[in-house]
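**Student:** Contents of upload34.txt (compact mmCIF, C-alpha atoms and all ligand atoms) are below:
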```txt
# COMPACT_ATOMS: atom_id res chain seq x y z
CA MET A 52 -32.36 -4.35 4.41
CA SER A 53 -34.29 -1.53 2.75
CA ASN A 54 -32.41 1.67 2.01
CA GLU A 55 -34.74 3.71 4.29
CA SER A 56 -33.59 1.88 7.41
CA LEU A 57 -29.87 2.29 6.67
CA PRO A 58 -27.69 5.03 8.17
CA ILE A 59 -26.68 7.67 5.65
CA HIS A 60 -23.35 9.49 5.63
CA ASP A 61 -22.12 12.53 3.74
CA VAL A 62 -18.85 10.75 3.09
CA VAL A 63 -17.48 7.27 3.60
CA ILE A 64 -13.74 6.79 3.20
CA PHE A 65 -12.14 3.42 2.49
CA GLY A 66 -8.54 3.16 3.67
CA SER A 67 -6.50 4.68 6.48
CA GLY A 68 -3.09 5.53 5.07
CA PRO A 69 -1.98 9.13 4.53
CA ALA A 70 -4.57 9.59 1.75
CA GLY A 71 -7.52 8.27 3.79
CA HIS A 72 -6.49 10.18 6.90
CA THR A 73 -5.96 13.47 5.10
CA ALA A 74 -9.30 13.08 3.34
CA ALA A 75 -10.93 12.39 6.72
CA LEU A 76 -9.25 15.40 8.31
CA TYR A 77 -10.52 17.79 5.63
CA CYS A 78 -13.99 16.21 5.50
CA SER A 79 -14.39 16.33 9.27
CA ARG A 80 -13.37 19.98 9.33
CA ALA A 81 -16.00 20.57 6.63
CA ASN A 82 -18.66 19.09 8.93
CA MET A 83 -19.15 16.00 6.79
CA ALA A 84 -18.72 13.63 9.78
CA PRO A 85 -16.67 11.05 7.84
CA LEU A 86 -16.80 7.35 8.50
CA VAL A 87 -13.46 5.67 7.73
CA PHE A 88 -13.10 1.95 7.10
CA GLU A 89 -9.52 1.32 8.14
CA GLY A 90 -8.96 -1.79 6.04
CA LYS A 91 -6.77 -4.83 6.68
CA GLN A 92 -3.74 -2.76 7.63
CA PRO A 93 -4.88 0.19 9.78
CA GLY A 94 -2.57 3.12 9.14
CA GLY A 95 -1.48 1.65 5.81
CA GLN A 96 1.99 0.93 4.52
CA LEU A 97 3.75 3.45 6.78
CA THR A 98 2.92 1.26 9.77
CA ILE A 99 5.39 -1.31 8.44
CA THR A 100 8.24 1.11 7.93
CA THR A 101 10.61 2.58 10.48
CA ASP A 102 12.09 6.05 10.02
CA VAL A 103 10.26 8.43 7.74
CA ASP A 104 12.72 11.19 6.86
CA ASN A 105 10.91 12.76 3.94
CA TYR A 106 7.60 13.84 5.46
CA PRO A 107 7.81 17.62 5.84
CA GLY A 108 7.57 19.03 9.34
CA PHE A 109 9.68 16.41 11.10
CA PRO A 110 13.31 17.60 10.83
CA GLU A 111 14.57 14.72 12.98
CA GLY A 112 12.41 12.18 11.14
CA ILE A 113 9.51 10.26 12.62
CA MET A 114 8.67 6.56 12.92
CA GLY A 115 6.01 5.46 10.41
CA PRO A 116 3.58 4.05 13.02
CA GLU A 117 3.87 7.22 15.11
CA LEU A 118 3.15 9.43 12.12
CA MET A 119 -0.01 7.43 11.44
CA ASP A 120 -1.07 7.53 15.12
CA ARG A 121 -0.72 11.30 14.99
CA MET A 122 -2.77 11.55 11.80
CA ARG A 123 -5.48 9.43 13.40
CA ALA A 124 -5.54 11.54 16.58
CA GLN A 125 -5.84 14.68 14.46
CA CYS A 126 -8.84 13.21 12.58
CA GLU A 127 -10.51 12.08 15.80
CA ARG A 128 -10.10 15.56 17.24
CA PHE A 129 -12.47 16.80 14.53
CA GLY A 130 -14.97 13.96 14.85
CA THR A 131 -13.93 11.27 12.35
CA ARG A 132 -15.31 7.83 13.20
CA PHE A 133 -13.11 4.81 12.40
CA SER A 134 -14.39 1.28 11.82
CA ASP A 135 -12.34 -1.90 11.63
CA GLU A 136 -15.02 -3.81 9.73
CA GLU A 137 -13.78 -5.11 6.41
CA LEU A 138 -15.38 -3.86 3.20
CA GLU A 139 -17.28 -6.62 1.42
CA GLU A 140 -19.40 -4.91 -1.17
CA VAL A 141 -20.26 -1.57 -2.68
CA ASP A 142 -23.24 -0.80 -4.86
CA LEU A 143 -22.79 2.27 -7.05
CA SER A 144 -25.82 1.61 -9.25
CA SER A 145 -28.03 4.20 -7.53
CA TRP A 146 -27.38 7.27 -5.39
CA PRO A 147 -26.82 7.49 -2.45
CA TYR A 148 -24.36 4.64 -2.84
CA ARG A 149 -24.52 1.56 -0.67
CA TYR A 150 -21.77 -0.28 1.17
CA LYS A 151 -21.54 -3.39 3.32
CA ALA A 152 -18.63 -3.95 5.67
CA GLY A 153 -19.16 -6.69 8.24
CA ARG A 154 -21.81 -5.49 10.69
CA GLU A 155 -21.79 -2.03 9.15
CA GLU A 156 -24.11 -1.40 6.25
CA GLY A 157 -25.19 1.98 5.04
CA LEU A 158 -25.49 4.65 2.41
CA ALA A 159 -22.95 7.25 1.36
CA ARG A 160 -23.64 10.50 -0.47
CA THR A 161 -19.96 10.57 -1.48
CA MET A 162 -17.20 7.98 -1.29
CA ILE A 163 -13.44 8.33 -1.22
CA VAL A 164 -11.46 5.24 -2.19
CA ALA A 165 -8.02 5.36 -0.55
CA THR A 166 -7.35 1.66 -0.18
CA GLY A 167 -3.66 1.90 -1.11
CA ALA A 168 -1.46 -0.85 -2.47
CA SER A 169 0.03 -4.11 -1.15
CA ALA A 170 3.33 -5.86 -1.68
CA LYS A 171 3.48 -8.36 -4.54
CA TYR A 172 4.57 -11.98 -4.22
CA LEU A 173 5.79 -14.20 -7.05
CA GLY A 174 3.09 -16.78 -6.37
CA LEU A 175 5.28 -19.91 -6.06
CA PRO A 176 3.49 -22.48 -3.86
CA ASN A 177 6.32 -22.81 -1.30
CA GLU A 178 6.88 -19.05 -1.23
CA LEU A 179 3.25 -18.49 -0.26
CA ARG A 180 3.20 -21.44 2.18
CA LEU A 181 6.23 -20.10 4.06
CA GLN A 182 4.96 -16.52 4.35
CA GLY A 183 5.66 -15.41 7.90
CA HIS A 184 8.01 -18.38 8.35
CA GLY A 185 11.02 -16.92 6.62
CA VAL A 186 9.29 -15.33 3.63
CA SER A 187 8.48 -11.65 4.08
CA ALA A 188 7.73 -8.57 2.01
CA CYS A 189 8.84 -6.14 4.70
CA ALA A 190 12.50 -5.98 5.68
CA THR A 191 11.89 -3.18 8.15
CA CYS A 192 9.28 -5.31 9.97
CA ASP A 193 11.13 -8.60 10.03
CA GLY A 194 14.82 -7.82 9.50
CA PHE A 195 15.43 -7.86 13.23
CA PHE A 196 14.85 -11.64 13.32
CA TYR A 197 17.82 -12.34 11.06
CA ARG A 198 20.75 -11.35 13.24
CA GLU A 199 23.87 -13.14 11.94
CA ARG A 200 21.75 -15.09 9.46
CA VAL A 201 21.84 -15.31 5.66
CA VAL A 202 18.98 -13.77 3.68
CA ALA A 203 18.04 -12.96 0.10
CA VAL A 204 16.14 -10.04 -1.37
CA ILE A 205 14.37 -10.25 -4.73
CA GLY A 206 13.96 -7.16 -6.91
CA GLY A 207 15.94 -4.46 -8.60
CA GLY A 208 14.15 -1.22 -7.68
CA ASP A 209 14.64 1.28 -4.87
CA SER A 210 12.79 -0.98 -2.43
CA ALA A 211 15.10 -3.92 -3.12
CA ALA A 212 18.18 -1.70 -2.88
CA GLU A 213 16.98 -0.08 0.34
CA GLU A 214 15.91 -3.35 1.93
CA SER A 215 19.10 -5.20 1.07
CA THR A 216 21.29 -2.49 2.61
CA PHE A 217 18.96 -2.22 5.62
CA LEU A 218 19.15 -5.98 6.18
CA THR A 219 22.95 -5.85 6.44
CA LYS A 220 22.42 -4.20 9.84
CA PHE A 221 21.36 -7.62 11.06
CA ALA A 222 22.22 -10.34 8.57
CA SER A 223 25.73 -11.70 8.03
CA LYS A 224 25.12 -11.89 4.28
CA VAL A 225 22.47 -10.62 1.87
CA TYR A 226 22.02 -11.99 -1.65
CA LEU A 227 20.23 -9.61 -4.00
CA LEU A 228 18.50 -11.52 -6.80
CA VAL A 229 18.06 -9.35 -9.87
CA ARG A 230 16.28 -10.74 -12.92
CA ARG A 231 18.13 -8.48 -15.38
CA ASP A 232 21.77 -7.39 -15.68
CA GLN A 233 21.08 -4.00 -14.12
CA LEU A 234 19.19 -2.38 -11.30
CA ARG A 235 16.21 -0.10 -11.77
CA ALA A 236 17.03 1.65 -8.47
CA SER A 237 18.30 5.26 -8.40
CA LYS A 238 22.05 5.76 -8.72
CA ILE A 239 22.52 6.73 -5.08
CA MET A 240 20.71 3.60 -3.88
CA GLN A 241 22.73 1.45 -6.30
CA LYS A 242 25.96 2.89 -4.91
CA ARG A 243 24.91 1.94 -1.39
CA VAL A 244 24.33 -1.63 -2.55
CA PHE A 245 27.62 -1.91 -4.45
CA ASP A 246 29.61 -0.33 -1.60
CA ASN A 247 28.22 -2.74 0.97
CA LYS A 248 30.49 -5.77 1.33
CA LYS A 249 27.76 -7.88 2.89
CA VAL A 250 25.58 -7.66 -0.24
CA GLU A 251 26.23 -10.02 -3.14
CA VAL A 252 24.26 -9.21 -6.27
CA LEU A 253 23.23 -12.22 -8.35
CA TRP A 254 22.49 -10.84 -11.83
CA ASN A 255 20.08 -12.47 -14.28
CA THR A 256 18.85 -14.64 -11.45
CA GLU A 257 15.30 -15.72 -10.70
CA LEU A 258 13.73 -17.64 -7.87
CA LYS A 259 12.64 -21.15 -8.79
CA ASP A 260 11.58 -22.56 -5.42
CA VAL A 261 11.79 -22.07 -1.67
CA HIS A 262 13.01 -24.92 0.54
CA GLY A 263 11.91 -25.67 4.09
CA ASP A 264 9.19 -27.59 5.92
CA GLU A 265 8.41 -25.35 8.91
CA VAL A 266 10.75 -22.46 8.12
CA VAL A 267 12.83 -21.37 5.15
CA THR A 268 16.11 -23.29 4.87
CA GLY A 269 17.14 -22.34 1.34
CA ILE A 270 16.13 -21.36 -2.16
CA ARG A 271 16.58 -22.73 -5.67
CA VAL A 272 17.56 -20.14 -8.23
CA VAL A 273 18.01 -20.17 -11.97
CA ASP A 274 20.42 -18.14 -14.10
CA ASN A 275 18.07 -17.02 -16.87
CA THR A 276 20.90 -16.58 -19.40
CA THR A 277 22.20 -20.15 -19.11
CA GLY A 278 19.29 -22.02 -17.53
CA ALA A 279 21.67 -23.31 -14.83
CA GLU A 280 19.98 -23.97 -11.49
CA ARG A 281 21.52 -24.10 -8.03
CA ASP A 282 20.52 -24.16 -4.37
CA ILE A 283 21.50 -21.52 -1.83
CA ASP A 284 21.22 -22.22 1.90
CA LEU A 285 19.67 -19.30 3.78
CA ASP A 286 17.21 -18.37 6.52
CA GLY A 287 15.10 -15.55 5.13
CA LEU A 288 13.66 -14.41 1.82
CA PHE A 289 12.41 -10.86 1.23
CA LEU A 290 10.25 -9.90 -1.73
CA ALA A 291 10.70 -6.35 -3.06
CA ILE A 292 9.17 -6.64 -6.52
CA GLY A 293 6.68 -3.82 -6.30
CA HIS A 294 3.09 -3.39 -5.21
CA LYS A 295 -0.40 -3.92 -6.53
CA PRO A 296 -3.28 -1.53 -5.95
CA ASN A 297 -6.02 -2.69 -3.57
CA SER A 298 -8.90 -2.00 -5.92
CA ASP A 299 -10.61 -5.41 -5.98
CA PRO A 300 -13.88 -4.35 -4.29
CA PHE A 301 -14.29 -1.71 -7.01
CA ARG A 302 -13.45 -3.95 -9.96
CA GLY A 303 -16.02 -3.49 -12.70
CA LEU A 304 -17.55 -0.51 -10.87
CA LEU A 305 -14.81 2.05 -11.43
CA ASP A 306 -12.41 2.34 -14.38
CA ALA A 307 -8.98 0.88 -13.76
CA ASP A 308 -5.87 0.24 -15.85
CA SER A 309 -4.65 -3.27 -16.66
CA VAL A 310 -2.82 -3.56 -13.31
CA GLY A 311 -5.82 -2.30 -11.31
CA TYR A 312 -4.85 1.33 -10.62
CA LEU A 313 -8.08 3.34 -10.49
CA LYS A 314 -8.45 5.95 -13.19
CA THR A 315 -9.32 9.52 -12.27
CA ALA A 316 -10.03 12.59 -14.38
CA PRO A 317 -7.00 14.77 -15.23
CA ASP A 318 -6.03 17.13 -12.37
CA SER A 319 -8.76 15.58 -10.25
CA THR A 320 -9.54 12.61 -8.03
CA ALA A 321 -12.98 12.13 -9.65
CA THR A 322 -13.71 8.63 -10.91
CA LYS A 323 -16.25 7.97 -13.64
CA VAL A 324 -18.98 7.62 -11.00
CA PRO A 325 -20.23 11.04 -9.83
CA GLY A 326 -19.47 11.59 -6.15
CA VAL A 327 -16.91 8.79 -5.95
CA PHE A 328 -13.29 9.87 -5.67
CA ALA A 329 -10.00 7.95 -5.54
CA ALA A 330 -6.84 9.09 -3.79
CA GLY A 331 -3.40 7.82 -2.85
CA ASP A 332 -1.59 4.70 -4.00
CA VAL A 333 -4.72 2.98 -5.33
CA GLN A 334 -4.75 5.55 -8.15
CA ASP A 335 -1.11 6.71 -8.22
CA LYS A 336 1.44 4.47 -9.87
CA VAL A 337 3.95 7.26 -10.40
CA TYR A 338 4.85 9.02 -7.15
CA ARG A 339 3.66 6.65 -4.39
CA GLN A 340 4.90 8.83 -1.55
CA ALA A 341 3.21 9.51 1.78
CA VAL A 342 3.15 13.21 1.08
CA THR A 343 1.67 12.85 -2.42
CA ALA A 344 -0.93 10.42 -1.05
CA ALA A 345 -1.81 12.96 1.64
CA GLY A 346 -2.05 15.66 -1.03
CA SER A 347 -4.43 13.64 -3.17
CA GLY A 348 -6.49 12.77 -0.06
CA CYS A 349 -6.90 16.49 0.48
CA MET A 350 -7.96 16.97 -3.16
CA ALA A 351 -10.52 14.16 -2.84
CA ALA A 352 -12.02 15.71 0.30
CA LEU A 353 -12.33 19.17 -1.29
CA GLU A 354 -13.84 17.67 -4.43
CA ALA A 355 -16.28 15.52 -2.43
CA GLU A 356 -17.39 18.53 -0.40
CA ARG A 357 -17.94 20.66 -3.52
CA TRP A 358 -19.68 17.86 -5.39
CA LEU A 359 -22.07 17.21 -2.49
CA GLU A 360 -22.88 20.89 -2.09
CA ALA A 361 -23.76 21.16 -5.78
CA LYS A 362 -25.76 17.94 -5.69
CA LEU A 363 -27.82 19.06 -2.69
CA GLU A 364 -28.47 22.46 -4.32
CA GLU A 365 -29.60 20.70 -7.50
CA LEU A 366 -31.93 18.42 -5.52
CA ALA A 367 -33.37 21.40 -3.62
CA GLU A 368 -34.07 23.22 -6.90
CA HIS A 369 -35.90 20.19 -8.21
CA GLY A 370 -37.77 19.68 -4.94
CA GLY A 371 -35.80 16.49 -4.18
P1 LIG A 401 9.60 -0.93 -8.71
O1 LIG A 401 8.39 -1.20 -9.50
O2 LIG A 401 10.35 0.35 -8.92
O3 LIG A 401 10.66 -2.10 -8.93
C1 LIG A 401 10.29 -3.43 -8.87
C2 LIG A 401 11.52 -4.27 -9.12
O4 LIG A 401 11.17 -5.62 -8.97
C3 LIG A 401 12.10 -4.08 -10.51
O5 LIG A 401 13.51 -4.07 -10.47
C4 LIG A 401 11.60 -5.30 -11.24
O6 LIG A 401 12.47 -5.77 -12.22
C5 LIG A 401 11.53 -6.33 -10.14
N1 LIG A 401 10.52 -7.35 -10.40
C6 LIG A 401 9.22 -7.17 -10.69
N2 LIG A 401 8.60 -8.35 -10.87
C7 LIG A 401 9.55 -9.29 -10.70
C8 LIG A 401 9.55 -10.70 -10.78
N3 LIG A 401 8.42 -11.36 -11.06
N4 LIG A 401 10.70 -11.35 -10.55
C9 LIG A 401 11.82 -10.68 -10.26
N5 LIG A 401 11.90 -9.34 -10.17
C10 LIG A 401 10.78 -8.67 -10.40
O7 LIG A 401 9.14 -1.11 -7.18
P2 LIG A 401 9.80 -0.57 -5.82
O8 LIG A 401 8.95 -1.13 -4.77
O9 LIG A 401 11.24 -0.83 -5.78
O10 LIG A 401 9.60 1.01 -5.88
C11 LIG A 401 8.31 1.57 -6.03
C12 LIG A 401 8.39 3.11 -6.02
O11 LIG A 401 8.76 3.56 -4.72
C13 LIG A 401 9.45 3.65 -6.98
O12 LIG A 401 8.98 4.84 -7.53
C14 LIG A 401 10.63 3.90 -6.08
O13 LIG A 401 11.51 4.89 -6.58
C15 LIG A 401 9.94 4.34 -4.78
N6 LIG A 401 10.80 4.03 -3.61
C16 LIG A 401 11.61 5.01 -3.14
C17 LIG A 401 12.43 4.77 -2.05
C18 LIG A 401 13.29 5.88 -1.57
O14 LIG A 401 13.47 6.83 -2.29
N7 LIG A 401 13.82 5.79 -0.36
C19 LIG A 401 12.46 3.48 -1.36
C20 LIG A 401 11.58 2.50 -1.95
C21 LIG A 401 10.80 2.78 -3.03
P3 LIG A 401 12.72 -4.97 -13.57
O15 LIG A 401 13.65 -3.84 -13.21
O16 LIG A 401 13.37 -6.00 -14.45
O17 LIG A 401 11.39 -4.52 -14.06
```
Any chance you could put this one into structure tokens?
**Tutor:**
Amino acid sequence: MSNESLPIHDVVIFGSGPAGHTAALYCSRANMAPLVFEGKQPGGQLTITTDVDNYPGFPEGIMGPELMDRMRAQCERFGTRFSDEELEEVDLSSWPYRYKAGREEGLARTMIVATGASAKYLGLPNELRLQGHGVSACATCDGFFYRERVVAVIGGGDSAAEESTFLTKFASKVYLLVRRDQLRASKIMQKRVFDNKKVEVLWNTELKDVHGDEVVTGIRVVDNTTGAERDIDLDGLFLAIGHKPNSDPFRGLLDADSVGYLKTAPDSTATKVPGVFAAGDVQDKVYRQAVTAAGSGCMAALEAERWLEAKLEELAEHGG
């Protein structure tokens, strides 16, 4: 399709977590009529959590999905359009930039990349095959199914600590598999793990395989100090080994670090491509909080608005 026949937008936002929504809110209030591609997980990672107690303004806490519904309603109130088409391709070689997402193809004067991050898996064949059949990366989503069952959590950070204690609400026993001889989790989270009699920490232990035809029936683990292997019978396996940024569609187009986190200018959300900004977990490997993602979404919107204003002035001066 030729560029002339494509719709053109002041701003297109990829991603619909706190960063994407906040960017959309600010852009819509600046009359930029944003188009938001929601991505594979509309509402982002908060839609797979339960209570959010650290988002300011909700003294009693709020459920993650409800918080995201509220953000969406607020954006819609000011005219944001949401699309569930999946992003396939962006072309940043000439301005305005081009995107293709399913049936939606068009041009964008500015873009905000807020595609977030996704849970990591180890990549063992049986672990991947049994995803959704006993293997999960979200205890808060799936913990409910393991009432009086035995489960294992893999990881040593705050997520693993939080998920293992959360799972004891349902499970009769939770093994926590830690690959080192210490946890990375904060002291307060560690204390909760150690104080919980249902949690058994297996130090220096790594997952070797997952057993089960239709559903998980057990795991094979290895003690990495001795090489000794053993099987553990259980019903559920939860991965909590961190996240990876969802930057694949922008690979090679925008600068990223070795893991894939998009690089932005200091104190800014600007990427190396003028008019393209990155906000939230896809560019933040340090804080990764809903409120910091929302804050950087706001920065991206303000920067996109200012950049576009300057660009249009420049074009007018040059008769463009
Ligand atoms: P982290 O990156 O902090 O921790 C990942 C953990 O997984 C580490 O212990 C790591 O081990 C382990 N790990 C990584 N790869 C493997 C592997 N291949 N095999 C076995 N273990 C592996 O991720 P989290 O998701 O825990 O936390 C992310 C961020 O979110 C942190 O900043 C955290 O503080 C924050 N957070 C805060 C919470 C809260 O405050 N309520 C709750 C959850 C997260 P190793 O230690 O050896 O590197």
**Student:** Listing only residues of chain A within 8 Å of ligand LIG 401 (chain A), what is the closest atom pair and its distance in Å (to one decimal) for each, using all atoms listed in the file, sorted by chain and residue number ascending, as a Markdown table?
**Tutor:**
```
| residue | atom | partner | partner_atom | distance |
| --- | --- | --- | --- | --- |
| A:Ala170 | CA | A:LIG401 | O8 | 8.0 |
| A:Tyr172 | CA | A:LIG401 | N3 | 7.9 |
| A:Leu173 | CA | A:LIG401 | N3 | 5.6 |
| A:Ile205 | CA | A:LIG401 | N5 | 6.0 |
| A:Gly206 | CA | A:LIG401 | O4 | 3.8 |
| A:Gly207 | CA | A:LIG401 | O5 | 3.1 |
| A:Gly208 | CA | A:LIG401 | O9 | 3.5 |
| A:Asp209 | CA | A:LIG401 | O9 | 4.1 |
| A:Ser210 | CA | A:LIG401 | O9 | 3.7 |
| A:Ala211 | CA | A:LIG401 | O9 | 5.6 |
| A:Ala212 | CA | A:LIG401 | O9 | 7.6 |
| A:Glu213 | CA | A:LIG401 | C19 | 6.0 |
| A:Leu228 | CA | A:LIG401 | C9 | 7.6 |
| A:Val229 | CA | A:LIG401 | N5 | 6.2 |
| A:Arg230 | CA | A:LIG401 | C9 | 5.2 |
| A:Arg231 | CA | A:LIG401 | O16 | 5.4 |
| A:Gln233 | CA | A:LIG401 | O15 | 7.5 |
| A:Leu234 | CA | A:LIG401 | O5 | 6.0 |
| A:Arg235 | CA | A:LIG401 | O15 | 4.8 |
| A:Ala236 | CA | A:LIG401 | O13 | 6.7 |
| A:Ser237 | CA | A:LIG401 | O13 | 7.0 |
| A:Glu257 | CA | A:LIG401 | C9 | 6.1 |
| A:Leu258 | CA | A:LIG401 | N4 | 7.5 |
| A:Ala291 | CA | A:LIG401 | O8 | 5.8 |
| A:Ile292 | CA | A:LIG401 | O4 | 3.3 |
| A:Gly293 | CA | A:LIG401 | O7 | 3.8 |
| A:His294 | CA | A:LIG401 | O8 | 6.3 |
| A:Lys336 | CA | A:LIG401 | O12 | 7.9 |
| A:Val337 | CA | A:LIG401 | O12 | 6.3 |
| A:Tyr338 | CA | A:LIG401 | O12 | 5.9 |
| A:Arg339 | CA | A:LIG401 | O11 | 6.0 |
| A:Gln340 | CA | A:LIG401 | O11 | 7.3 |
```
**Student:** Write out as a list of chain:residue names the residues lying within 12 Å of Asn105 of chain A, counting only C-alpha atoms and excluding same-chain residues fewer than 5 positions away.
**Tutor:**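 Listing them by chain and then by number gives A:Pro110, A:Glu111, A:Gly112, A:Ile113, A:Met114, A:Gly115, A:Leu118, A:Gln340, A:Ala341, A:Val342, A:Thr343.
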**Student:** Which residue is closest to Thr277 of chain A? Choose from A:Asn247, A:Asn255, A:Thr100, A:Thr166 and count all atoms listed in the file.
**Tutor:**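 Ranking A:Asn247, A:Asn255, A:Thr100, A:Thr166 by distance to Thr277 of chain A, first place goes to A:Asn255.
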**Student:** Smallest atom-to-atom distance to Gly303 of chain A: which of A:Ser144, A:Gly130, A:Glu280, A:Asn82, using all atoms listed in the file?
**Tutor:**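 Of all the options, A:Ser144 lies closest to Gly303 of chain A.
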**Student:** Return the single residue from A:Leu227, A:Arg121, A:Val267, A:Met240 that is closest to Val252 of chain A, with distances computed using all atoms listed in the file.
**Tutor:** A:Leu227
**Student:** Can you work out the spacing between atom CA of Asn297 of chain A and atom CA of Val333 of chain A in Å, to one decimal?
**Tutor:**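 Rounded to one decimal, the two atoms are 6.1 Å apart.
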**Student:** Fewer than 3 positions away in the same chain doesn't count, so skip those; otherwise give me all residues within 8 Å of segment 217-221 of chain A, counting all atoms listed in the file, as a list in words.
**Tutor:** Ala190, Thr191, Gly194, Phe195, Phe196, Tyr197, Arg198, Glu199, Arg200, Glu213, Glu214, Lys224, Val225, Lys249 and Val250 of chain A
**Student:** Taking 6 positions as the minimum chain separation for residues in the same chain, which residues sit within 12 Å of Pro296 of chain A when counting all atoms listed in the file? Answer as a PyMOL selection string.
**Tutor:** chain A and resi 66+96+164-171+302+307-314+329-336+339
**Student:** Between A:Leu97, A:Leu366, A:Cys349, A:Leu138, single out the one closest to Gly153 of chain A, counting all atoms listed in the file.
**Tutor:**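 Ranked by minimum distance to Gly153 of chain A, first place goes to A:Leu138.
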**Student:** Separation of atom CA of Cys189 of chain A and atom CA of Gly263 of chain A, in Å?
**Tutor:**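 That distance, rounded to one decimal, is 19.8 Å.
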**Student:** Smallest atom-to-atom distance to Leu181 of chain A: which of A:Lys295, A:Arg128, A:Arg149, A:His262, using all atoms listed in the file?
**Tutor:**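 Counting all atoms listed in the file, the residue closest to Leu181 of chain A is A:His262.
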**Student:** Let me make sure I understand: among A:Ala124, A:Phe328, A:Asn177, A:Glu140, which one has the smallest atom-to-atom distance to Leu305 of chain A if we use only C-alpha atoms?
**Tutor:** A:Phe328
**Student:** Would you pick out the contacts of Arg281 of chain A at 10 Å or less, using only C-alpha atoms, so that residues sharing its chain but fewer than 4 positions from it are not included, and give the list as a list in words?
**Tutor:**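 In the requested format, the answer is Lys259, Ile270, Arg271, Val272, Val273 and Asp274 of chain A.
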